[in-house]
file protein-v3.pdb (PDB, C-alpha atoms, pLDDT in the B column)
ATOM      1  CA  ALA C   1     -22.879  23.331  28.550  1.00 78.00           C
ATOM      2  CA  GLN C   2     -23.315  22.081  32.085  1.00 83.00           C
ATOM      3  CA  SER C   3     -20.186  22.448  34.145  1.00 88.00           C
ATOM      4  CA  VAL C   4     -18.588  23.109  37.508  1.00 93.00           C
ATOM      5  CA  ALA C   5     -15.539  25.282  38.055  1.00 94.00           C
ATOM      6  CA  GLN C   6     -13.062  25.726  40.867  1.00 95.00           C
ATOM      7  CA  PRO C   7     -11.202  28.884  39.926  1.00 95.00           C
ATOM      8  CA  GLU C   8      -8.310  28.488  42.372  1.00 96.00           C
ATOM      9  CA  ASP C   9      -5.725  25.738  42.023  1.00 94.00           C
ATOM     10  CA  GLN C  10      -4.460  26.412  45.538  1.00 97.00           C
ATOM     11  CA  VAL C  11      -5.608  28.297  48.601  1.00 98.00           C
ATOM     12  CA  ASN C  12      -3.172  29.209  51.363  1.00 98.00           C
ATOM     13  CA  VAL C  13      -4.355  30.170  54.822  1.00 98.00           C
ATOM     14  CA  ALA C  14      -2.850  30.434  58.287  1.00 98.00           C
ATOM     15  CA  GLU C  15      -4.065  28.131  61.030  1.00 97.00           C
ATOM     16  CA  GLY C  16      -6.882  29.717  62.993  1.00 97.00           C
ATOM     17  CA  ASN C  17      -7.975  31.967  60.137  1.00 98.00           C
ATOM     18  CA  PRO C  18     -11.194  31.466  58.203  1.00 97.00           C
ATOM     19  CA  LEU C  19     -10.964  29.670  54.876  1.00 97.00           C
ATOM     20  CA  THR C  20     -12.996  29.741  51.686  1.00 98.00           C
ATOM     21  CA  VAL C  21     -12.703  27.389  48.717  1.00 98.00           C
ATOM     22  CA  LYS C  22     -14.675  28.600  45.722  1.00 98.00           C
ATOM     23  CA  CYS C  23     -16.988  26.704  43.397  1.00 98.00           C
ATOM     24  CA  THR C  24     -19.279  27.930  40.635  1.00 97.00           C
ATOM     25  CA  TYR C  25     -21.604  25.893  38.499  1.00 95.00           C
ATOM     26  CA  SER C  26     -23.719  25.969  35.377  1.00 92.00           C
ATOM     27  CA  VAL C  27     -26.567  23.453  35.177  1.00 88.00           C
ATOM     28  CA  SER C  28     -30.045  23.124  33.764  1.00 84.00           C
ATOM     29  CA  GLY C  29     -32.731  22.885  36.395  1.00 81.00           C
ATOM     30  CA  ASN C  30     -32.233  22.718  40.145  1.00 82.00           C
ATOM     31  CA  PRO C  31     -28.641  22.092  41.146  1.00 86.00           C
ATOM     32  CA  TYR C  32     -27.581  19.301  43.471  1.00 91.00           C
ATOM     33  CA  LEU C  33     -24.132  20.219  44.775  1.00 94.00           C
ATOM     34  CA  PHE C  34     -21.516  18.303  46.737  1.00 96.00           C
ATOM     35  CA  TRP C  35     -18.141  18.870  48.341  1.00 97.00           C
ATOM     36  CA  TYR C  36     -15.556  16.124  48.774  1.00 97.00           C
ATOM     37  CA  VAL C  37     -12.098  16.057  50.348  1.00 97.00           C
ATOM     38  CA  GLN C  38      -9.137  13.923  49.334  1.00 95.00           C
ATOM     39  CA  TYR C  39      -6.181  13.295  51.619  1.00 92.00           C
ATOM     40  CA  PRO C  40      -2.884  12.068  50.088  1.00 86.00           C
ATOM     41  CA  ASN C  41      -3.067   8.584  48.585  1.00 82.00           C
ATOM     42  CA  ARG C  42      -6.694   8.173  49.633  1.00 85.00           C
ATOM     43  CA  GLY C  43     -10.071   8.105  47.937  1.00 87.00           C
ATOM     44  CA  LEU C  44     -12.469  11.022  48.150  1.00 92.00           C
ATOM     45  CA  GLN C  45     -14.578  11.520  51.268  1.00 95.00           C
ATOM     46  CA  PHE C  46     -17.970  13.207  51.319  1.00 95.00           C
ATOM     47  CA  LEU C  47     -18.147  16.501  53.242  1.00 96.00           C
ATOM     48  CA  LEU C  48     -21.578  17.968  52.575  1.00 96.00           C
ATOM     49  CA  LYS C  49     -24.308  18.461  50.006  1.00 93.00           C
ATOM     50  CA  TYR C  50     -27.011  20.908  48.980  1.00 93.00           C
ATOM     51  CA  ILE C  51     -30.222  19.494  47.602  1.00 87.00           C
ATOM     52  CA  THR C  52     -32.824  22.006  48.715  1.00 83.00           C
ATOM     53  CA  GLY C  53     -33.709  24.119  51.749  1.00 84.00           C
ATOM     54  CA  ASP C  54     -31.403  26.378  53.727  1.00 88.00           C
ATOM     55  CA  ASN C  55     -28.696  28.044  51.713  1.00 91.00           C
ATOM     56  CA  LEU C  56     -26.135  27.405  54.451  1.00 95.00           C
ATOM     57  CA  VAL C  57     -25.283  23.714  54.667  1.00 95.00           C
ATOM     58  CA  LYS C  58     -23.260  22.250  57.516  1.00 95.00           C
ATOM     59  CA  GLY C  59     -21.071  19.207  57.016  1.00 94.00           C
ATOM     60  CA  SER C  60     -18.294  17.110  58.453  1.00 92.00           C
ATOM     61  CA  TYR C  61     -15.187  18.372  60.311  1.00 92.00           C
ATOM     62  CA  GLY C  62     -16.687  21.824  60.927  1.00 95.00           C
ATOM     63  CA  PHE C  63     -17.049  22.694  57.252  1.00 97.00           C
ATOM     64  CA  GLU C  64     -20.033  24.506  55.805  1.00 97.00           C
ATOM     65  CA  ALA C  65     -21.008  25.729  52.370  1.00 97.00           C
ATOM     66  CA  GLU C  66     -23.172  28.571  51.176  1.00 96.00           C
ATOM     67  CA  PHE C  67     -25.439  28.088  48.175  1.00 95.00           C
ATOM     68  CA  ASN C  68     -26.003  31.285  46.211  1.00 95.00           C
ATOM     69  CA  LYS C  69     -28.444  30.850  43.363  1.00 92.00           C
ATOM     70  CA  SER C  70     -28.023  34.323  41.867  1.00 93.00           C
ATOM     71  CA  GLN C  71     -24.249  33.936  41.701  1.00 94.00           C
ATOM     72  CA  THR C  72     -24.439  30.215  40.860  1.00 94.00           C
ATOM     73  CA  SER C  73     -21.891  29.504  43.545  1.00 96.00           C
ATOM     74  CA  PHE C  74     -21.397  26.950  46.301  1.00 97.00           C
ATOM     75  CA  HIS C  75     -18.335  28.058  48.265  1.00 98.00           C
ATOM     76  CA  LEU C  76     -16.882  25.867  51.000  1.00 98.00           C
ATOM     77  CA  LYS C  77     -16.054  27.615  54.267  1.00 98.00           C
ATOM     78  CA  LYS C  78     -14.665  27.001  57.716  1.00 97.00           C
ATOM     79  CA  PRO C  79     -14.441  29.632  60.470  1.00 96.00           C
ATOM     80  CA  SER C  80     -11.063  28.482  61.816  1.00 97.00           C
ATOM     81  CA  ALA C  81      -8.659  26.423  59.714  1.00 97.00           C
ATOM     82  CA  LEU C  82      -6.567  23.554  61.074  1.00 97.00           C
ATOM     83  CA  VAL C  83      -3.275  22.280  59.696  1.00 96.00           C
ATOM     84  CA  SER C  84      -5.002  18.902  59.333  1.00 95.00           C
ATOM     85  CA  ASP C  85      -7.475  20.484  56.869  1.00 96.00           C
ATOM     86  CA  SER C  86      -4.677  20.598  54.297  1.00 96.00           C
ATOM     87  CA  ALA C  87      -5.916  18.418  51.445  1.00 96.00           C
ATOM     88  CA  LEU C  88      -7.420  18.474  47.959  1.00 96.00           C
ATOM     89  CA  TYR C  89     -11.051  19.630  47.778  1.00 97.00           C
ATOM     90  CA  PHE C  90     -13.496  18.856  44.996  1.00 96.00           C
ATOM     91  CA  CYS C  91     -16.828  20.419  44.191  1.00 96.00           C
ATOM     92  CA  ALA C  92     -19.314  18.299  42.236  1.00 95.00           C
ATOM     93  CA  VAL C  93     -22.695  18.918  40.646  1.00 92.00           C
ATOM     94  CA  ARG C  94     -25.400  16.547  39.502  1.00 89.00           C
ATOM     95  CA  VAL C  95     -26.318  17.010  35.855  1.00 85.00           C
ATOM     96  CA  LEU C  96     -28.903  15.458  33.587  1.00 83.00           C
ATOM     97  CA  MET C  97     -27.218  14.234  30.420  1.00 77.00           C
ATOM     98  CA  ASP C  98     -28.504  11.771  27.848  1.00 76.00           C
ATOM     99  CA  SER C  99     -31.617  11.157  29.962  1.00 77.00           C
ATOM    100  CA  SER C 100     -29.696  10.094  33.064  1.00 80.00           C
ATOM    101  CA  TYR C 101     -28.148  11.805  36.046  1.00 83.00           C
ATOM    102  CA  LYS C 102     -24.399  11.971  36.480  1.00 84.00           C
ATOM    103  CA  LEU C 103     -21.954  13.773  38.755  1.00 87.00           C
ATOM    104  CA  ILE C 104     -19.474  16.213  37.254  1.00 89.00           C
ATOM    105  CA  PHE C 105     -16.445  17.128  39.353  1.00 92.00           C
ATOM    106  CA  GLY C 106     -14.430  20.305  39.369  1.00 92.00           C
ATOM    107  CA  SER C 107     -10.678  20.224  38.821  1.00 92.00           C
ATOM    108  CA  GLY C 108      -9.946  20.448  42.526  1.00 94.00           C
ATOM    109  CA  THR C 109      -8.423  23.048  44.856  1.00 96.00           C
ATOM    110  CA  ARG C 110      -5.455  22.290  47.045  1.00 96.00           C
ATOM    111  CA  LEU C 111      -5.806  23.802  50.494  1.00 97.00           C
ATOM    112  CA  LEU C 112      -2.610  24.465  52.412  1.00 97.00           C
ATOM    113  CA  VAL C 113      -2.963  25.531  56.038  1.00 97.00           C
ATOM    114  CA  ARG C 114       0.295  26.751  57.504  1.00 96.00           C
ATOM    115  CA  PRO C 115       0.999  26.588  61.243  1.00 95.00           C
TER
ATOM    116  CA  ASN B   1     -18.752  -3.033  56.585  1.00 75.00           C
ATOM    117  CA  ALA B   2     -15.724  -2.925  54.302  1.00 82.00           C
ATOM    118  CA  GLY B   3     -17.313  -0.158  52.196  1.00 93.00           C
ATOM    119  CA  VAL B   4     -15.876   0.050  48.682  1.00 96.00           C
ATOM    120  CA  THR B   5     -12.851  -2.110  47.966  1.00 96.00           C
ATOM    121  CA  GLN B   6     -10.596  -1.994  44.928  1.00 97.00           C
ATOM    122  CA  THR B   7      -7.853  -4.309  43.712  1.00 96.00           C
ATOM    123  CA  PRO B   8      -5.076  -4.054  42.834  1.00 96.00           C
ATOM    124  CA  LYS B   9      -3.661  -0.924  44.508  1.00 95.00           C
ATOM    125  CA  PHE B  10      -0.888  -0.588  41.938  1.00 96.00           C
ATOM    126  CA  GLN B  11      -0.398  -2.002  38.445  1.00 96.00           C
ATOM    127  CA  VAL B  12       2.147  -1.586  35.672  1.00 97.00           C
ATOM    128  CA  LEU B  13       1.165  -2.679  32.179  1.00 97.00           C
ATOM    129  CA  LYS B  14       2.826  -2.683  28.805  1.00 97.00           C
ATOM    130  CA  THR B  15       1.109  -1.078  25.866  1.00 97.00           C
ATOM    131  CA  GLY B  16      -1.412  -3.472  24.363  1.00 97.00           C
ATOM    132  CA  GLN B  17      -1.935  -5.593  27.457  1.00 97.00           C
ATOM    133  CA  SER B  18      -5.382  -6.023  28.947  1.00 96.00           C
ATOM    134  CA  MET B  19      -6.439  -6.188  32.560  1.00 96.00           C
ATOM    135  CA  THR B  20      -9.408  -5.908  34.885  1.00 97.00           C
ATOM    136  CA  LEU B  21      -9.687  -3.547  37.833  1.00 98.00           C
ATOM    137  CA  GLN B  22     -11.899  -5.015  40.506  1.00 98.00           C
ATOM    138  CA  CYS B  23     -14.440  -3.083  42.575  1.00 98.00           C
ATOM    139  CA  ALA B  24     -16.831  -4.369  45.199  1.00 97.00           C
ATOM    140  CA  GLN B  25     -19.172  -2.744  47.717  1.00 97.00           C
ATOM    141  CA  ASP B  26     -21.114  -4.207  50.614  1.00 96.00           C
ATOM    142  CA  MET B  27     -23.595  -1.383  51.215  1.00 95.00           C
ATOM    143  CA  ASN B  28     -26.249  -2.650  48.783  1.00 94.00           C
ATOM    144  CA  HIS B  29     -25.920   0.508  46.702  1.00 95.00           C
ATOM    145  CA  GLU B  30     -27.601   0.478  43.324  1.00 93.00           C
ATOM    146  CA  TYR B  31     -25.451   3.184  41.753  1.00 93.00           C
ATOM    147  CA  MET B  32     -21.797   2.452  40.990  1.00 95.00           C
ATOM    148  CA  SER B  33     -19.300   4.351  38.902  1.00 95.00           C
ATOM    149  CA  TRP B  34     -15.713   4.442  37.728  1.00 97.00           C
ATOM    150  CA  TYR B  35     -13.639   7.629  37.560  1.00 96.00           C
ATOM    151  CA  ARG B  36     -10.135   8.428  36.502  1.00 96.00           C
ATOM    152  CA  GLN B  37      -8.151  11.164  38.197  1.00 94.00           C
ATOM    153  CA  ASP B  38      -5.494  13.052  36.301  1.00 91.00           C
ATOM    154  CA  PRO B  39      -3.536  16.083  37.561  1.00 82.00           C
ATOM    155  CA  GLY B  40      -5.391  19.349  36.998  1.00 77.00           C
ATOM    156  CA  MET B  41      -8.429  17.618  35.538  1.00 79.00           C
ATOM    157  CA  GLY B  42     -10.362  16.497  38.569  1.00 85.00           C
ATOM    158  CA  LEU B  43     -12.297  13.267  38.278  1.00 91.00           C
ATOM    159  CA  ARG B  44     -13.774  12.211  34.979  1.00 93.00           C
ATOM    160  CA  LEU B  45     -16.555   9.652  34.752  1.00 93.00           C
ATOM    161  CA  ILE B  46     -15.689   6.577  32.668  1.00 96.00           C
ATOM    162  CA  HIS B  47     -18.721   4.308  33.080  1.00 95.00           C
ATOM    163  CA  TYR B  48     -21.527   3.962  35.551  1.00 93.00           C
ATOM    164  CA  SER B  49     -24.300   1.556  36.493  1.00 93.00           C
ATOM    165  CA  VAL B  50     -27.720   2.165  38.023  1.00 90.00           C
ATOM    166  CA  GLY B  51     -28.250  -1.465  38.954  1.00 91.00           C
ATOM    167  CA  ALA B  52     -27.345  -5.056  38.140  1.00 93.00           C
ATOM    168  CA  GLY B  53     -27.439  -5.639  34.395  1.00 94.00           C
ATOM    169  CA  ILE B  54     -27.497  -1.922  33.524  1.00 93.00           C
ATOM    170  CA  THR B  55     -24.429   0.069  32.513  1.00 94.00           C
ATOM    171  CA  ASP B  56     -23.861   3.284  30.601  1.00 92.00           C
ATOM    172  CA  GLN B  57     -21.062   5.476  29.345  1.00 92.00           C
ATOM    173  CA  GLY B  58     -19.680   8.502  31.090  1.00 91.00           C
ATOM    174  CA  GLU B  59     -17.456  11.299  29.800  1.00 88.00           C
ATOM    175  CA  VAL B  60     -14.420   9.217  28.779  1.00 94.00           C
ATOM    176  CA  PRO B  61     -15.524   5.625  27.992  1.00 95.00           C
ATOM    177  CA  ASN B  62     -13.232   4.811  25.074  1.00 96.00           C
ATOM    178  CA  GLY B  63     -10.858   1.935  25.739  1.00 96.00           C
ATOM    179  CA  TYR B  64     -12.817   0.670  28.759  1.00 97.00           C
ATOM    180  CA  ASN B  65     -15.565  -1.903  29.256  1.00 97.00           C
ATOM    181  CA  VAL B  66     -17.709  -2.621  32.301  1.00 97.00           C
ATOM    182  CA  SER B  67     -20.283  -5.158  33.374  1.00 96.00           C
ATOM    183  CA  ARG B  68     -22.576  -5.413  36.387  1.00 97.00           C
ATOM    184  CA  SER B  69     -23.723  -8.961  36.956  1.00 96.00           C
ATOM    185  CA  THR B  70     -24.378  -8.438  40.683  1.00 96.00           C
ATOM    186  CA  THR B  71     -25.233  -5.478  42.885  1.00 96.00           C
ATOM    187  CA  GLU B  72     -21.915  -5.833  44.699  1.00 97.00           C
ATOM    188  CA  ASP B  73     -19.370  -5.991  41.877  1.00 97.00           C
ATOM    189  CA  PHE B  74     -18.478  -3.565  39.110  1.00 98.00           C
ATOM    190  CA  PRO B  75     -15.231  -4.503  37.309  1.00 98.00           C
ATOM    191  CA  LEU B  76     -13.526  -2.200  34.817  1.00 98.00           C
ATOM    192  CA  ARG B  77     -11.722  -3.776  31.879  1.00 97.00           C
ATOM    193  CA  LEU B  78      -8.959  -2.172  29.886  1.00 96.00           C
ATOM    194  CA  LEU B  79      -9.080  -3.822  26.490  1.00 91.00           C
ATOM    195  CA  SER B  80      -5.691  -2.811  25.074  1.00 96.00           C
ATOM    196  CA  ALA B  81      -3.770  -0.548  27.412  1.00 96.00           C
ATOM    197  CA  ALA B  82      -2.295   2.702  26.108  1.00 97.00           C
ATOM    198  CA  PRO B  83       0.039   5.199  27.817  1.00 96.00           C
ATOM    199  CA  SER B  84      -2.853   7.713  27.820  1.00 95.00           C
ATOM    200  CA  GLN B  85      -4.607   5.428  30.299  1.00 97.00           C
ATOM    201  CA  THR B  86      -1.919   6.007  32.916  1.00 97.00           C
ATOM    202  CA  SER B  87      -3.974   7.418  35.770  1.00 97.00           C
ATOM    203  CA  VAL B  88      -5.456   6.782  39.182  1.00 96.00           C
ATOM    204  CA  TYR B  89      -8.773   4.964  38.986  1.00 97.00           C
ATOM    205  CA  PHE B  90     -11.500   5.280  41.590  1.00 96.00           C
ATOM    206  CA  CYS B  91     -14.623   3.224  41.997  1.00 97.00           C
ATOM    207  CA  ALA B  92     -17.559   4.726  43.868  1.00 96.00           C
ATOM    208  CA  SER B  93     -21.005   3.641  44.966  1.00 96.00           C
ATOM    209  CA  SER B  94     -24.077   5.442  46.261  1.00 93.00           C
ATOM    210  CA  TYR B  95     -27.790   5.181  46.917  1.00 90.00           C
ATOM    211  CA  PHE B  96     -30.251   7.151  44.788  1.00 83.00           C
ATOM    212  CA  GLU B  97     -31.651  10.495  45.901  1.00 79.00           C
ATOM    213  CA  LEU B  98     -35.463  10.582  46.036  1.00 73.00           C
ATOM    214  CA  ALA B  99     -35.474  13.293  43.405  1.00 71.00           C
ATOM    215  CA  GLY B 100     -33.269  11.216  41.138  1.00 75.00           C
ATOM    216  CA  GLY B 101     -29.591  10.697  40.488  1.00 80.00           C
ATOM    217  CA  PRO B 102     -26.791   9.532  42.733  1.00 85.00           C
ATOM    218  CA  GLY B 103     -26.536  10.670  46.319  1.00 86.00           C
ATOM    219  CA  GLU B 104     -23.338  11.080  48.277  1.00 90.00           C
ATOM    220  CA  GLN B 105     -20.748   8.755  46.849  1.00 92.00           C
ATOM    221  CA  PHE B 106     -18.499   6.394  48.774  1.00 94.00           C
ATOM    222  CA  PHE B 107     -15.115   6.008  47.136  1.00 94.00           C
ATOM    223  CA  GLY B 108     -12.666   3.145  47.125  1.00 95.00           C
ATOM    224  CA  PRO B 109      -8.961   3.726  47.859  1.00 93.00           C
ATOM    225  CA  GLY B 110      -8.011   3.807  44.185  1.00 94.00           C
ATOM    226  CA  THR B 111      -5.793   1.903  41.754  1.00 96.00           C
ATOM    227  CA  ARG B 112      -2.672   3.587  40.436  1.00 95.00           C
ATOM    228  CA  LEU B 113      -2.090   2.341  36.892  1.00 97.00           C
ATOM    229  CA  THR B 114       0.993   2.965  34.788  1.00 97.00           C
ATOM    230  CA  VAL B 115       1.093   1.961  31.137  1.00 97.00           C
ATOM    231  CA  LEU B 116       4.555   1.833  29.582  1.00 96.00           C
TER
END
call {"tool": "encode", "arguments": {"input": "protein-v3.pdb", "output": "structure tokens"}}
result
Amino acid sequence: AQSVAQPEDQVNVAEGNPLTVKCTYSVSGNPYLFWYVQYPNRGLQFLLKYITGDNLVKGSYGFEAEFNKSQTSFHLKKPSALVSDSALYFCAVRVLMDSSYKLIFGSGTRLLVRP
Amino acid sequence: NAGVTQTPKFQVLKTGQSMTLQCAQDMNHEYMSWYRQDPGMGLRLIHYSVGAGITDQGEVPNGYNVSRSTTEDFPLRLLSAAPSQTSVYFCASSYFELAGGPGEQFFGPGTRLTVL
């Protein structure tokens, strides 16, 4: 079955330290992968995507993600976390189901950056 | 551009009532979709549309209807509300990627629905 998983419900990191939010996927064919962020009481905002090309993708707010085909992973990273990065992060993957493309979202990871 | 707008922001229904959640976008996106967000379950696709006059079911379509008479509007109808439909509902729109499927999605602010 095609799926996307975020194995951590919450990630805690100190401000200034690097952060990683994990995402693994299982899809047929070439994966299209996305990261979104959700601040409290807001809709989701697009951060970055991997379609093809370089395995390291740079996105908004200093975030980047590394695509690893052998490990079927697409982890979100930032070299130096800010308190304002505290939010809910979702990984999503495009899948082909019933002859049409859809996006499947992970269950989300809450990032807490402490001062 | 207003982006994706949703109304209402909050709604309380009694079991068995019906209502329509409104969604509109002004970016001329062909692809529109409705998701529900429940704690610990991420976003689940309810229905989606690849253009005016074309709709299809997502992962959790039961109890919901949609229509797409224009490119801009994509309303979601709850036929007979049930407590299991208590959730936060998000509408999203996007262009199509050249290789197929939706591109980056633009989300509305959400509708928080409670069914008693």
call {"tool": "atom_distance", "arguments": {"input": "protein-v3.pdb", "atom1": "CA of Gln105 (chain B)", "atom2": "CA of Lys69 (chain C)"}}
result
23.7 Å
call {"tool": "resolve_selection", "arguments": {"input": "protein-v3.pdb", "expression": "the ChimeraX specification (/B :<6) & /C", "output": "number ranges by chain"}}
result
C: 42-44, 101, 105-108
call {"tool": "closest_residue", "arguments": {"input": "protein-v3.pdb", "among": "C:Leu48, C:Ile104, C:Ala1, C:Leu111", "to": "Ala81 (chain C)", "atoms": "only C-alpha atoms"}}
result
C:Leu111
call {"tool": "resolve_selection", "arguments": {"input": "protein-v3.pdb", "expression": "the PyMOL selection byres ((chain C and resi 15) around 8)", "output": "PyMOL selection string"}}
result
chain C and resi 13-14+16-17+80-83+113-115
call {"tool": "write_last_selection", "arguments": {"input": "protein-v3.pdb", "atoms": "C-alpha atoms", "output": "PDB file, in the frame of the given file"}}
result
ATOM      1  CA  VAL C  13      -4.355  30.170  54.822  1.00 98.00           C
ATOM      2  CA  ALA C  14      -2.850  30.434  58.287  1.00 98.00           C
ATOM      3  CA  GLY C  16      -6.882  29.717  62.993  1.00 97.00           C
ATOM      4  CA  ASN C  17      -7.975  31.967  60.137  1.00 98.00           C
ATOM      5  CA  SER C  80     -11.063  28.482  61.816  1.00 97.00           C
ATOM      6  CA  ALA C  81      -8.659  26.423  59.714  1.00 97.00           C
ATOM      7  CA  LEU C  82      -6.567  23.554  61.074  1.00 97.00           C
ATOM      8  CA  VAL C  83      -3.275  22.280  59.696  1.00 96.00           C
ATOM      9  CA  VAL C 113      -2.963  25.531  56.038  1.00 97.00           C
ATOM     10  CA  ARG C 114       0.295  26.751  57.504  1.00 96.00           C
ATOM     11  CA  PRO C 115       0.999  26.588  61.243  1.00 95.00           C
TER      12      PRO C 115
END
call {"tool": "resolve_selection", "arguments": {"input": "protein-v3.pdb", "expression": "the PyMOL selection byres ((chain C and resi 2) around 10)", "output": "PyMOL selection string"}}
result
chain C and resi 1+3-4+25-28+93-97+104
call {"tool": "residues_around", "arguments": {"input": "protein-v3.pdb", "residues": "Val66 (chain B)", "least_positions_apart": "2", "cutoff": "7 Å", "atoms": "all atoms listed in the file", "output": "list of chain:residue names"}}
result
B:Tyr64, B:Arg68, B:Phe74, B:Pro75, B:Leu76, B:Arg77
call {"tool": "write_last_selection", "arguments": {"input": "protein-v3.pdb", "atoms": "C-alpha atoms", "output": "short mmCIF file (atom, residue, chain, number, x, y, z; two decimals), in the frame of the given file"}}
result
data_model
loop_
_atom_site.label_atom_id
_atom_site.label_comp_id
_atom_site.auth_asym_id
_atom_site.auth_seq_id
_atom_site.Cartn_x
_atom_site.Cartn_y
_atom_site.Cartn_z
CA TYR B 64 -12.82 0.67 28.76
CA ARG B 68 -22.58 -5.41 36.39
CA PHE B 74 -18.48 -3.56 39.11
CA PRO B 75 -15.23 -4.50 37.31
CA LEU B 76 -13.53 -2.20 34.82
CA ARG B 77 -11.72 -3.78 31.88
#
call {"tool": "atom_distance", "arguments": {"input": "protein-v3.pdb", "atom1": "CA of Tyr50 (chain C)", "atom2": "CA of Ile46 (chain B)"}}
result
24.5 Å
call {"tool": "atom_distance", "arguments": {"input": "protein-v3.pdb", "atom1": "CA of Leu79 (chain B)", "atom2": "CA of Met19 (chain B)"}}
result
7.0 Å
call {"tool": "residues_around", "arguments": {"input": "protein-v3.pdb", "residues": "Phe46 (chain C)", "least_positions_apart": "5", "cutoff": "12 Å", "atoms": "all atoms listed in the file", "output": "number ranges by chain"}}
result
C: 33-39, 59-61, 63, 89-92; B: 92-94, 103-107
call {"tool": "write_last_selection", "arguments": {"input": "protein-v3.pdb", "atoms": "C-alpha atoms", "output": "PDB file, in the coordinates of the input"}}
result
ATOM      1  CA  LEU C  33     -24.132  20.219  44.775  1.00 94.00           C
ATOM      2  CA  PHE C  34     -21.516  18.303  46.737  1.00 96.00           C
ATOM      3  CA  TRP C  35     -18.141  18.870  48.341  1.00 97.00           C
ATOM      4  CA  TYR C  36     -15.556  16.124  48.774  1.00 97.00           C
ATOM      5  CA  VAL C  37     -12.098  16.057  50.348  1.00 97.00           C
ATOM      6  CA  GLN C  38      -9.137  13.923  49.334  1.00 95.00           C
ATOM      7  CA  TYR C  39      -6.181  13.295  51.619  1.00 92.00           C
ATOM      8  CA  GLY C  59     -21.071  19.207  57.016  1.00 94.00           C
ATOM      9  CA  SER C  60     -18.294  17.110  58.453  1.00 92.00           C
ATOM     10  CA  TYR C  61     -15.187  18.372  60.311  1.00 92.00           C
ATOM     11  CA  PHE C  63     -17.049  22.694  57.252  1.00 97.00           C
ATOM     12  CA  TYR C  89     -11.051  19.630  47.778  1.00 97.00           C
ATOM     13  CA  PHE C  90     -13.496  18.856  44.996  1.00 96.00           C
ATOM     14  CA  CYS C  91     -16.828  20.419  44.191  1.00 96.00           C
ATOM     15  CA  ALA C  92     -19.314  18.299  42.236  1.00 95.00           C
TER      16      ALA C  92
ATOM     17  CA  ALA B  92     -17.559   4.726  43.868  1.00 96.00           C
ATOM     18  CA  SER B  93     -21.005   3.641  44.966  1.00 96.00           C
ATOM     19  CA  SER B  94     -24.077   5.442  46.261  1.00 93.00           C
ATOM     20  CA  GLY B 103     -26.536  10.670  46.319  1.00 86.00           C
ATOM     21  CA  GLU B 104     -23.338  11.080  48.277  1.00 90.00           C
ATOM     22  CA  GLN B 105     -20.748   8.755  46.849  1.00 92.00           C
ATOM     23  CA  PHE B 106     -18.499   6.394  48.774  1.00 94.00           C
ATOM     24  CA  PHE B 107     -15.115   6.008  47.136  1.00 94.00           C
TER      25      PHE B 107
END
call {"tool": "axis_aligned_box", "arguments": {"input": "protein-v3.pdb", "around": "region 89-97 of chain B", "padding_each_side": "5 Å", "output": "AutoDock Vina command-line options"}}
result
--center_x -20.2 --center_y 6.9 --center_z 43.0 --size_x 32.9 --size_y 17.3 --size_z 17.9
call {"tool": "closest_residue", "arguments": {"input": "protein-v3.pdb", "among": "B:Leu13, B:Met32, B:Ala82, B:Leu116", "to": "Gly63 (chain B)", "atoms": "only C-alpha atoms"}}
result
B:Ala82
